[in-house]
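What follows is the content of query_38.txt, which has compact mmCIF, C-alpha atoms:
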```
# COMPACT_ATOMS: atom_id res chain seq x y z
CA MET H 1 2.58 -17.67 -9.99
CA PRO H 2 2.26 -20.19 -7.09
CA VAL H 3 4.55 -18.01 -4.94
CA LEU H 4 2.40 -14.96 -5.69
CA ASN H 5 -0.77 -16.86 -4.80
CA VAL H 6 0.64 -18.22 -1.54
CA LEU H 7 1.85 -14.76 -0.53
CA PHE H 8 -1.53 -13.23 -1.37
CA ILE H 9 -3.45 -15.91 0.54
CA GLY H 10 -1.38 -15.20 3.65
CA LEU H 11 -1.70 -11.41 3.46
CA ALA H 12 -5.39 -11.53 2.51
CA THR H 13 -6.22 -13.91 5.38
CA TYR H 14 -4.55 -11.53 7.86
CA ARG H 15 -6.41 -8.60 6.30
CA LEU H 16 -9.74 -10.44 6.48
CA LYS H 17 -9.31 -11.04 10.20
CA LYS H 18 -8.83 -7.32 10.76
CA LEU H 19 -11.81 -6.37 8.58
CA GLN H 20 -14.11 -8.90 10.23
CA ALA H 21 -13.58 -7.08 13.52
CA LEU H 22 -15.15 -3.94 12.02
CA TYR H 23 -18.86 -3.32 11.76
CA THR H 24 -20.53 -3.42 8.37
CA LEU H 25 -21.67 -0.12 6.94
CA PRO H 26 -25.32 0.16 5.84
CA SER H 27 -25.89 -1.73 2.59
CA LEU H 28 -27.86 1.22 1.19
CA TYR H 29 -24.64 3.19 0.97
CA THR H 30 -22.06 0.48 0.15
CA LYS H 31 -23.72 -2.09 -2.10
CA THR H 32 -23.73 0.12 -5.16
CA ALA H 33 -23.30 -0.74 -8.84
CA VAL H 34 -19.50 -0.81 -8.47
CA TYR H 35 -19.83 -3.30 -5.62
CA TRP H 36 -21.94 -5.72 -7.67
CA VAL H 37 -19.69 -5.32 -10.73
CA LYS H 38 -16.64 -6.27 -8.67
CA LEU H 39 -18.32 -9.30 -7.13
CA THR H 40 -19.59 -10.46 -10.53
CA LEU H 41 -16.14 -10.15 -12.12
CA ALA H 42 -14.44 -11.84 -9.15
CA SER H 43 -16.94 -14.72 -9.26
CA ALA H 44 -16.34 -15.20 -12.98
CA ILE H 45 -12.56 -15.22 -12.47
CA VAL H 46 -12.89 -17.98 -9.84
CA ALA H 47 -14.27 -20.28 -12.54
CA ALA H 48 -11.22 -19.90 -14.82
CA PRO H 49 -8.63 -21.98 -12.90
CA ILE H 50 -11.32 -24.48 -11.90
CA LEU H 51 -12.21 -25.09 -15.57
CA GLU H 52 -8.54 -25.40 -16.50
CA LEU H 53 -7.98 -27.83 -13.62
CA LEU H 54 -10.93 -29.97 -14.74
CA PHE H 55 -9.64 -29.93 -18.33
CA THR H 56 -6.20 -31.07 -17.16
CA ALA H 57 -7.73 -33.86 -15.07
CA SER H 58 -9.81 -35.09 -18.01
CA THR H 59 -6.90 -35.19 -20.48
CA GLN H 60 -4.25 -36.78 -18.25
CA PRO H 61 -4.11 -40.15 -16.48
CA LEU H 62 -4.81 -40.22 -12.76
CA SER H 63 -1.15 -40.86 -11.94
CA GLY H 64 -0.04 -37.71 -13.77
CA ILE H 65 -2.58 -35.29 -12.34
CA PHE H 66 -0.70 -34.43 -9.17
CA ASN H 67 2.17 -32.28 -10.39
CA VAL H 68 3.46 -28.76 -10.03
CA PHE H 69 1.07 -27.45 -12.70
CA THR H 70 -2.10 -28.81 -11.07
CA VAL H 71 -0.97 -27.74 -7.60
CA GLY H 72 -0.45 -24.23 -9.00
CA LEU H 73 -3.97 -24.22 -10.43
CA PHE H 74 -5.35 -25.39 -7.08
CA LEU H 75 -3.55 -22.57 -5.25
CA GLN H 76 -4.78 -20.12 -7.87
CA SER H 77 -8.36 -21.25 -7.30
CA ILE H 78 -8.02 -20.73 -3.55
CA ALA H 79 -6.44 -17.30 -4.08
CA TYR H 80 -9.31 -16.21 -6.33
CA VAL H 81 -11.89 -17.37 -3.77
CA VAL H 82 -10.06 -15.44 -1.03
CA ALA H 83 -9.92 -12.39 -3.34
CA LEU H 84 -13.69 -12.60 -3.88
CA ARG H 85 -14.27 -12.60 -0.13
CA LEU H 86 -11.78 -9.77 0.40
CA HIS H 87 -13.50 -7.63 -2.24
CA HIS H 88 -16.74 -7.91 -0.26
CA TYR H 89 -15.21 -6.98 3.10
CA GLU H 90 -13.07 -4.16 1.72
CA HIS H 91 -16.00 -2.47 -0.02
CA THR H 92 -18.45 -2.83 2.86
CA ARG H 93 -16.07 -1.84 5.67
CA MET H 94 -13.50 0.54 4.22
CA ARG H 95 -13.87 3.68 2.12
CA LYS H 96 -10.76 3.38 -0.04
CA SER H 97 -9.53 0.86 -2.59
CA SER H 98 -7.65 -2.15 -1.25
CA ASP H 99 -3.89 -1.94 -1.76
CA ILE H 100 -3.52 -5.72 -1.45
CA LEU H 101 -6.11 -6.41 -4.15
CA LEU H 102 -4.74 -3.74 -6.49
CA LEU H 103 -1.20 -5.12 -6.29
CA TYR H 104 -2.38 -8.72 -6.59
CA TRP H 105 -4.45 -8.11 -9.72
CA LEU H 106 -1.67 -6.02 -11.26
CA PHE H 107 0.93 -8.77 -10.75
CA THR H 108 -1.59 -11.38 -11.91
CA ILE H 109 -2.13 -9.49 -15.16
CA VAL H 110 1.62 -9.12 -15.77
CA VAL H 111 2.36 -12.80 -15.02
CA SER H 112 -0.61 -13.94 -17.13
CA LEU H 113 0.65 -11.92 -20.09
CA VAL H 114 4.06 -13.57 -19.82
CA ILE H 115 2.50 -17.05 -19.57
CA LEU H 116 0.24 -16.42 -22.56
CA ARG H 117 3.12 -15.13 -24.63
CA THR H 118 5.13 -18.26 -23.78
CA ASP H 119 2.18 -20.55 -24.55
CA LEU H 120 1.57 -18.96 -27.93
CA ALA H 121 5.25 -19.20 -28.85
CA THR H 122 5.79 -22.82 -27.75
CA ARG H 123 3.75 -25.88 -27.01
CA TYR H 124 0.21 -24.51 -27.22
CA THR H 125 0.70 -23.58 -30.85
CA LEU H 126 1.48 -27.22 -31.68
CA SER H 127 -1.89 -28.66 -30.74
CA ALA H 128 -5.43 -27.47 -31.34
CA THR H 129 -6.67 -29.29 -28.22
CA TYR H 130 -5.34 -26.45 -26.05
CA SER H 131 -7.31 -23.75 -27.82
CA ALA H 132 -10.00 -23.97 -25.13
CA VAL H 133 -7.37 -23.48 -22.43
CA LEU H 134 -6.03 -20.44 -24.22
CA MET H 135 -9.54 -19.04 -24.54
CA VAL H 136 -10.11 -19.48 -20.80
CA ARG H 137 -6.81 -17.75 -20.03
CA TYR H 138 -7.57 -14.87 -22.37
CA THR H 139 -10.99 -14.47 -20.76
CA MET H 140 -9.48 -14.59 -17.28
CA LEU H 141 -6.93 -11.95 -18.26
CA ALA H 142 -9.66 -9.64 -19.58
CA LEU H 143 -11.75 -10.14 -16.45
CA ALA H 144 -8.73 -9.48 -14.20
CA PHE H 145 -8.03 -6.23 -16.04
CA ALA H 146 -11.68 -5.18 -15.69
CA LEU H 147 -11.66 -6.04 -11.97
CA PHE H 148 -8.41 -4.13 -11.49
CA SER H 149 -10.00 -1.10 -13.17
CA ALA H 150 -13.15 -1.41 -11.03
CA GLU H 151 -11.07 -1.51 -7.85
CA LEU H 152 -9.36 1.71 -8.94
CA VAL H 153 -12.69 3.55 -9.02
CA PRO H 154 -12.66 5.98 -6.05
CA ARG H 155 -15.41 5.62 -3.49
CA LYS H 156 -17.92 8.45 -3.26
CA MET H 157 -17.88 10.09 0.14
CA SER H 158 -21.68 10.33 0.03
CA GLU H 159 -21.78 6.53 0.19
CA TYR H 160 -20.05 6.60 3.57
CA VAL H 161 -21.59 9.66 5.23
CA LEU H 162 -25.15 9.33 6.50
CA ALA H 163 -27.61 12.13 7.04
CA GLU H 164 -28.41 10.85 10.53
CA ASP H 165 -24.77 11.06 11.61
CA ASP H 166 -25.43 14.43 13.22
CA ASP H 167 -26.49 12.81 16.48
CA ASP H 168 -23.99 12.26 19.28
CA ASP H 169 -24.60 8.55 19.74
CA ASP H 170 -21.03 7.25 19.92
CA ASP H 171 -22.20 3.69 20.52
CA ASP H 172 -23.67 3.37 17.02
CA MET H 173 -20.68 1.69 15.41
CA THR H 174 -22.71 0.72 12.35
CA SER H 175 -22.71 4.38 11.36
CA ALA H 176 -20.25 5.66 8.81
CA SER H 177 -19.42 8.47 11.20
CA ARG H 178 -16.88 6.20 12.86
CA PHE H 179 -14.54 7.12 10.01
CA GLY H 180 -14.66 10.82 10.83
CA VAL H 181 -12.90 13.36 8.60
CA GLN H 182 -9.73 11.90 7.16
CA ALA H 183 -6.84 13.36 5.23
CA LEU H 184 -6.95 13.08 1.46
CA VAL H 185 -3.90 10.83 1.48
CA GLU H 186 -5.66 8.37 3.79
CA ASP H 187 -8.47 7.91 1.25
CA ALA H 188 -6.03 7.42 -1.65
CA ASN H 189 -5.04 4.02 -3.03
CA ILE H 190 -1.43 2.90 -3.32
CA PHE H 191 -0.95 4.19 -6.88
CA SER H 192 -2.41 7.56 -5.99
CA ARG H 193 -0.01 7.82 -3.06
CA LEU H 194 2.97 6.84 -5.22
CA ALA H 195 2.13 9.44 -7.87
CA PHE H 196 0.75 12.03 -5.39
CA SER H 197 -2.37 12.27 -7.53
CA TRP H 198 -4.44 12.65 -4.35
CA MET H 199 -3.30 16.29 -4.43
CA SER H 200 -5.02 16.90 -7.79
CA PRO H 201 -8.23 18.42 -6.29
CA LEU H 202 -6.17 20.93 -4.33
CA LEU H 203 -4.05 21.82 -7.35
CA LYS H 204 -7.16 22.30 -9.50
CA LEU H 205 -8.65 24.53 -6.83
CA SER H 206 -5.50 26.66 -6.77
CA GLN H 207 -6.08 27.52 -10.43
CA SER H 208 -9.37 29.26 -9.64
CA LYS H 209 -8.65 30.85 -6.24
CA GLN H 210 -5.98 31.53 -3.71
CA ILE H 211 -5.52 28.60 -1.35
CA THR H 212 -6.35 29.32 2.28
CA GLU H 213 -5.98 27.26 5.42
CA ASP H 214 -9.59 26.10 5.16
CA ASP H 215 -8.86 24.52 1.77
CA LEU H 216 -6.03 22.34 3.07
CA SER H 217 -6.52 18.69 3.91
CA GLU H 218 -6.43 17.23 7.39
CA ILE H 219 -3.14 15.89 8.72
CA PRO H 220 -2.85 12.07 8.46
CA SER H 221 -3.99 10.53 11.72
CA ASP H 222 -0.74 8.61 12.28
CA ILE H 223 1.34 11.80 12.46
CA THR H 224 -1.09 14.21 14.11
CA PRO H 225 0.51 15.81 17.18
CA VAL H 226 -2.20 14.49 19.51
CA ASN H 227 -1.91 10.86 18.44
CA ILE H 228 1.85 10.64 18.07
CA ALA H 229 2.46 12.51 21.33
CA GLU H 230 0.19 10.05 23.15
CA ILE H 231 2.14 7.11 21.73
CA PHE H 232 5.46 8.71 22.71
CA ASP H 233 4.18 9.45 26.24
CA THR H 234 3.26 5.79 26.65
CA HIS H 235 6.73 4.58 25.65
CA TRP H 236 8.48 7.28 27.66
CA GLN H 237 6.44 6.42 30.75
CA PHE H 238 7.46 2.80 30.26
CA GLU H 239 11.11 3.88 30.26
CA ILE H 240 10.59 5.83 33.50
CA ASP H 241 8.71 3.00 35.21
CA ASN H 242 11.58 0.60 34.43
CA CYS H 243 14.36 2.98 35.47
CA GLU H 244 15.50 0.53 38.17
CA LYS H 245 16.37 -2.10 35.55
CA ARG H 246 17.94 0.27 33.00
CA ALA H 247 18.44 3.98 32.50
CA PRO H 248 15.57 5.73 30.66
CA SER H 249 16.46 6.22 27.03
CA LEU H 250 14.94 8.91 24.83
CA ILE H 251 16.26 7.10 21.75
CA ARG H 252 14.43 3.90 22.65
CA ALA H 253 11.17 5.79 23.25
CA LEU H 254 11.47 7.59 19.90
CA TRP H 255 12.38 4.35 18.15
CA LYS H 256 9.27 2.62 19.46
CA THR H 257 7.21 5.63 18.35
CA ILE H 258 8.46 6.21 14.79
CA GLY H 259 10.90 3.32 14.25
CA VAL H 260 8.80 1.74 11.49
CA ARG H 261 8.91 4.93 9.42
CA TYR H 262 12.65 5.19 10.02
CA ILE H 263 13.15 1.64 8.70
CA LEU H 264 10.91 2.36 5.72
CA GLY H 265 13.00 5.41 4.88
CA GLY H 266 16.16 3.29 5.03
CA VAL H 267 14.65 0.65 2.72
CA LEU H 268 13.61 3.31 0.20
CA GLU H 269 17.10 4.84 0.32
CA LEU H 270 18.61 1.39 -0.28
CA ILE H 271 16.36 0.80 -3.30
CA PHE H 272 17.26 4.23 -4.66
CA ASP H 273 21.00 3.51 -4.32
CA ILE H 274 20.61 0.13 -6.01
CA LEU H 275 18.80 1.71 -8.96
CA MET H 276 21.50 4.37 -9.18
CA THR H 277 24.08 1.58 -9.41
CA ILE H 278 22.17 -0.38 -12.04
CA ARG H 279 21.73 2.57 -14.42
CA PRO H 280 25.39 2.72 -15.60
CA LEU H 281 25.41 -1.06 -16.05
CA LEU H 282 22.33 -0.93 -18.29
CA LEU H 283 23.81 1.96 -20.23
CA SER H 284 26.99 -0.07 -20.77
CA GLN H 285 24.95 -3.01 -22.06
CA MET H 286 22.99 -0.68 -24.34
CA LEU H 287 26.19 0.73 -25.82
CA GLY H 288 27.50 -2.80 -26.29
CA PHE H 289 24.32 -3.72 -28.16
CA ALA H 290 24.62 -0.64 -30.39
CA ALA H 291 28.26 -1.47 -31.13
CA SER H 292 27.37 -5.07 -32.04
CA LEU H 293 25.03 -3.87 -34.81
CA ALA H 294 28.08 -2.86 -36.86
CA THR H 295 29.65 -6.33 -36.58
CA GLU H 296 28.98 -9.54 -38.46
CA SER H 297 27.21 -11.13 -35.50
CA PRO H 298 24.91 -8.46 -34.06
CA GLN H 299 22.88 -9.10 -30.94
CA PRO H 300 19.13 -9.76 -31.40
CA MET H 301 16.93 -6.67 -31.52
CA SER H 302 15.01 -7.98 -28.54
CA TYR H 303 18.10 -7.29 -26.42
CA GLY H 304 18.00 -3.63 -27.36
CA TYR H 305 14.31 -3.34 -26.58
CA PHE H 306 14.91 -5.07 -23.26
CA TYR H 307 17.73 -2.71 -22.26
CA ALA H 308 15.73 0.34 -23.33
CA CYS H 309 12.64 -0.76 -21.37
CA CYS H 310 14.71 -1.52 -18.29
CA MET H 311 16.32 1.93 -18.41
CA LEU H 312 12.93 3.62 -18.84
CA VAL H 313 11.23 1.65 -16.06
CA GLY H 314 14.24 2.00 -13.79
CA GLN H 315 14.28 5.77 -14.17
CA GLY H 316 10.56 5.98 -13.40
CA VAL H 317 10.81 3.72 -10.36
CA GLN H 318 13.85 5.64 -9.14
CA SER H 319 11.94 8.91 -9.28
CA LEU H 320 8.95 7.43 -7.44
CA VAL H 321 11.16 5.89 -4.75
CA PHE H 322 13.06 9.12 -4.19
CA GLN H 323 9.87 11.16 -3.78
CA GLN H 324 8.46 8.61 -1.34
CA TYR H 325 11.76 8.71 0.57
CA LEU H 326 11.46 12.49 0.94
CA GLN H 327 7.84 12.13 2.08
CA VAL H 328 8.76 9.52 4.70
CA CYS H 329 11.65 11.67 5.96
CA THR H 330 9.33 14.68 6.27
CA ASP H 331 6.69 12.68 8.16
CA THR H 332 9.33 11.14 10.44
CA GLY H 333 10.81 14.54 11.25
CA ALA H 334 7.37 15.98 11.94
CA GLY H 335 6.56 13.05 14.23
CA ILE H 336 9.75 13.46 16.24
CA LYS H 337 9.25 17.20 16.55
CA SER H 338 5.63 16.82 17.65
CA SER H 339 6.54 14.19 20.25
CA LEU H 340 9.37 16.12 21.82
CA THR H 341 7.62 19.50 21.70
CA THR H 342 4.53 18.10 23.41
CA ALA H 343 6.66 16.33 26.02
CA ILE H 344 8.60 19.52 26.79
CA TYR H 345 5.40 21.57 27.03
CA LYS H 346 3.83 19.10 29.46
CA LYS H 347 6.98 19.18 31.56
CA VAL H 348 7.10 22.98 31.56
CA ILE H 349 3.56 23.44 32.86
CA CYS H 350 4.35 21.03 35.71
CA LEU H 351 7.51 22.84 36.88
CA SER H 352 7.61 24.07 40.45
CA ASN H 353 8.47 27.68 41.34
CA GLU H 354 11.97 26.58 42.28
CA ALA H 355 12.53 24.90 38.93
CA ARG H 356 11.12 27.89 37.05
CA GLN H 357 13.92 30.04 38.45
CA GLU H 358 16.50 27.64 37.02
CA TYR H 359 14.83 27.24 33.62
CA THR H 360 14.27 30.71 32.25
CA THR H 361 11.89 31.56 29.42
CA GLY H 362 14.80 31.86 26.99
CA LYS H 363 16.16 28.45 27.92
CA ILE H 364 12.74 26.87 27.49
CA SER H 365 12.31 28.58 24.11
CA THR H 366 15.70 27.18 23.06
CA LEU H 367 14.53 23.68 24.00
CA PHE H 368 11.40 24.15 21.88
CA SER H 369 13.13 25.53 18.79
CA VAL H 370 16.86 24.81 18.53
CA ASP H 371 17.32 21.58 20.50
CA VAL H 372 14.25 19.82 19.11
CA GLU H 373 15.22 20.85 15.59
CA ARG H 374 18.71 19.41 16.06
CA ILE H 375 17.30 16.06 17.19
```
Could you rewrite the structure in this file as structure tokens?
Amino acid sequence: MPVLNVLFIGLATYRLKKLQALYTLPSLYTKTAVYWVKLTLASAIVAAPILELLFTASTQPLSGIFNVFTVGLFLQSIAYVVALRLHHYEHTRMRKSSDILLLYWLFTIVVSLVILRTDLATRYTLSATYSAVLMVRYTMLALAFALFSAELVPRKMSEYVLAEDDDDDDDDMTSASRFGVQALVEDANIFSRLAFSWMSPLLKLSQSKQITEDDLSEIPSDITPVNIAEIFDTHWQFEIDNCEKRAPSLIRALWKTIGVRYILGGVLELIFDILMTIRPLLLSQMLGFAASLATESPQPMSYGYFYACCMLVGQGVQSLVFQQYLQVCTDTGAGIKSSLTTAIYKKVICLSNEARQEYTTGKISTLFSVDVERI
């Protein structure tokens, strides 16, 4: 738990700095019932570790207060305060659920369940003085689950689109129009992206009518041809400007443009291969457990449940990772193709009459289609 809190504090602090640079959207459209519910729940959760810390300080001598347990509670209190602040900034400046908060509350719920199960099975069952601590932890767990559910609630687009956004005043950064029209995937939270549930509206629409181009979502801004071609042009121009120091490299320019996605695809492929390797090992352990049931010293039933749960979760995670890997590969390929096609087109329209005689229409078409596709 302390490691999780320290990691969250670091990521949340970095995220807060980025959000503080954005202008606040009008409170009439952001401070809705969901906003106040989240702040109320987050404020109540902050009190849980503080109460437990005060209880520990009152029941132990001063020399025994400063230990790993109390330091963990102190870090947990700080993390909850940071989470409260992050909830405010995320809701008033962004129009989708926070991935950091969703993952943090999910892991907090899982870890809290494990801690509670251990407490009930061991030392906390031996003394009635810890019943208050258990009650605080149960309450905190319920509040964390409610806050996690509230953060999953999708934002209504009407809350972020103002009627007076029709004017052309680009300097009004307090207006929600600075978001523009985004792709459905950009408004989806991390779980919706993992399960591709952001496509549900389009799939439901396909049941009642034939899908046309007007029904399709916008392309994500990070892989739109205009944006990614501009980024590639910047890196390619840098290679040309530094040609005296080293030869211009197309690979380096592409790597700086879409290298992060390429690395992400490699990480997902590695996770997929690891899960593929673990599956036979779990199956072997499961068969060993089944065989032990016929002996005089069978393995505990908890082992069987553990192996079965690991196989089930592993198969689900493997499927999610593989689908995300395919999505990343598709986006990476589209980014490379857009960059190179745009660069070739810009070069073609700048060719002189002499160069046009050397590069025929067929050769240029081959560059657009075959050569770019091979890369």
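Between atom CA of H:Phe232 and atom CA of H:Leu264 the interatomic distance comes to 18.9 Å.
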Show me the residues close to (-0.5, 11.1, 10.8) - anything with an atom within 10 Å, counting all atoms listed in the file - and format the list as a short mmCIF file (atom, residue, chain, number, x, y, z; two decimals) with C-alpha atoms, in the coordinates of the input.
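Generated file (part.cif):
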```cif
data_model
loop_
_atom_site.label_atom_id
_atom_site.label_comp_id
_atom_site.auth_asym_id
_atom_site.auth_seq_id
_atom_site.Cartn_x
_atom_site.Cartn_y
_atom_site.Cartn_z
CA GLN H 182 -9.73 11.90 7.16
CA ALA H 183 -6.84 13.36 5.23
CA VAL H 185 -3.90 10.83 1.48
CA GLU H 186 -5.66 8.37 3.79
CA GLU H 218 -6.43 17.23 7.39
CA ILE H 219 -3.14 15.89 8.72
CA PRO H 220 -2.85 12.07 8.46
CA SER H 221 -3.99 10.53 11.72
CA ASP H 222 -0.74 8.61 12.28
CA ILE H 223 1.34 11.80 12.46
CA THR H 224 -1.09 14.21 14.11
CA PRO H 225 0.51 15.81 17.18
CA VAL H 226 -2.20 14.49 19.51
CA ASN H 227 -1.91 10.86 18.44
CA ILE H 228 1.85 10.64 18.07
CA ASP H 331 6.69 12.68 8.16
CA THR H 332 9.33 11.14 10.44
CA ALA H 334 7.37 15.98 11.94
CA GLY H 335 6.56 13.05 14.23
#
```
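Those residues that approach H:Lys31 to within 10 Å, counting all atoms listed in the file, are Leu25, Pro26, Ser27, Tyr35, Trp36, His88, His91, Thr92 and Glu159 of chain H; same-chain residues fewer than 4 positions away are not listed.
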Between H:Leu16, H:Leu216, H:Val317, H:Leu287, which is the closest to H:Ile271 once you count all atoms listed in the file?
H:Val317
Contacts of H:Pro201 at 12 Å (all atoms listed in the file; same-chain gap of 3+ positions) as a ChimeraX atom specification:
/H:184-185,196-198,204-208,211,215-217
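Within the 8 Å cut-off around H:Leu53, using all atoms listed in the file and omitting residues fewer than 4 positions from it on the same chain, the listed residues are Pro49, Ala57, Thr70, Leu73 and Phe74 of chain H.
Going from atom CA of H:Phe191 to atom CA of H:Arg15 covers 19.2 Å.
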Env of H:Leu51: 12 Å cut, atoms = only C-alpha atoms, seq-sep filter 3 positions within chain, self excluded. Answer as number ranges by chain.
H: 44-48, 54-58, 70, 73-74, 76-77, 132-137, 139-140
Kindly save the residues from that selection, with C-alpha atoms included, as a tab-separated table (two decimals), keeping the file's coordinate frame.
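Output (part-v4.tsv):
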```
chain	number	residue	atom	x	y	z
H	44	ALA	CA	-16.34	-15.20	-12.98
H	45	ILE	CA	-12.56	-15.22	-12.47
H	46	VAL	CA	-12.89	-17.98	-9.84
H	47	ALA	CA	-14.27	-20.28	-12.54
H	48	ALA	CA	-11.22	-19.90	-14.82
H	54	LEU	CA	-10.93	-29.97	-14.74
H	55	PHE	CA	-9.64	-29.93	-18.33
H	56	THR	CA	-6.20	-31.07	-17.16
H	57	ALA	CA	-7.73	-33.86	-15.07
H	58	SER	CA	-9.81	-35.09	-18.01
H	70	THR	CA	-2.10	-28.81	-11.07
H	73	LEU	CA	-3.97	-24.22	-10.43
H	74	PHE	CA	-5.35	-25.39	-7.08
H	76	GLN	CA	-4.78	-20.12	-7.87
H	77	SER	CA	-8.36	-21.25	-7.30
H	132	ALA	CA	-10.00	-23.97	-25.13
H	133	VAL	CA	-7.37	-23.48	-22.43
H	134	LEU	CA	-6.03	-20.44	-24.22
H	135	MET	CA	-9.54	-19.04	-24.54
H	136	VAL	CA	-10.11	-19.48	-20.80
H	137	ARG	CA	-6.81	-17.75	-20.03
H	139	THR	CA	-10.99	-14.47	-20.76
H	140	MET	CA	-9.48	-14.59	-17.28
```
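Straight-line separation from atom CA of H:Asn5 to atom CA of H:Leu75: 6.4 Å.
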Please provide as a ChimeraX atom specification all residues within 10 Å of H:Gly265, with the sequence filter that same-chain residues fewer than 4 positions apart are discarded (counting only C-alpha atoms).
/H:259-261,269-271,321-322,324-329,332
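Counting all atoms listed in the file and comparing H:Asp233, H:Glu151, H:Glu52, H:Asp214, the residue that lies closest to H:Trp105 is H:Glu151.
Closest approach to H:Ile78 among H:Ala12, H:Gln20, H:Phe145, H:Leu312: H:Ala12, based on all atoms listed in the file.
Candidate residues H:Leu320, H:Leu102, H:Thr32, H:Thr40 were compared for distance to H:Leu268, and the nearest is H:Leu320, using only C-alpha atoms.
With distances restricted to all atoms listed in the file, H:Ala308 is the closest residue to H:Ala290 from H:Ala308, H:Ile9, H:Ala79, H:Leu275.
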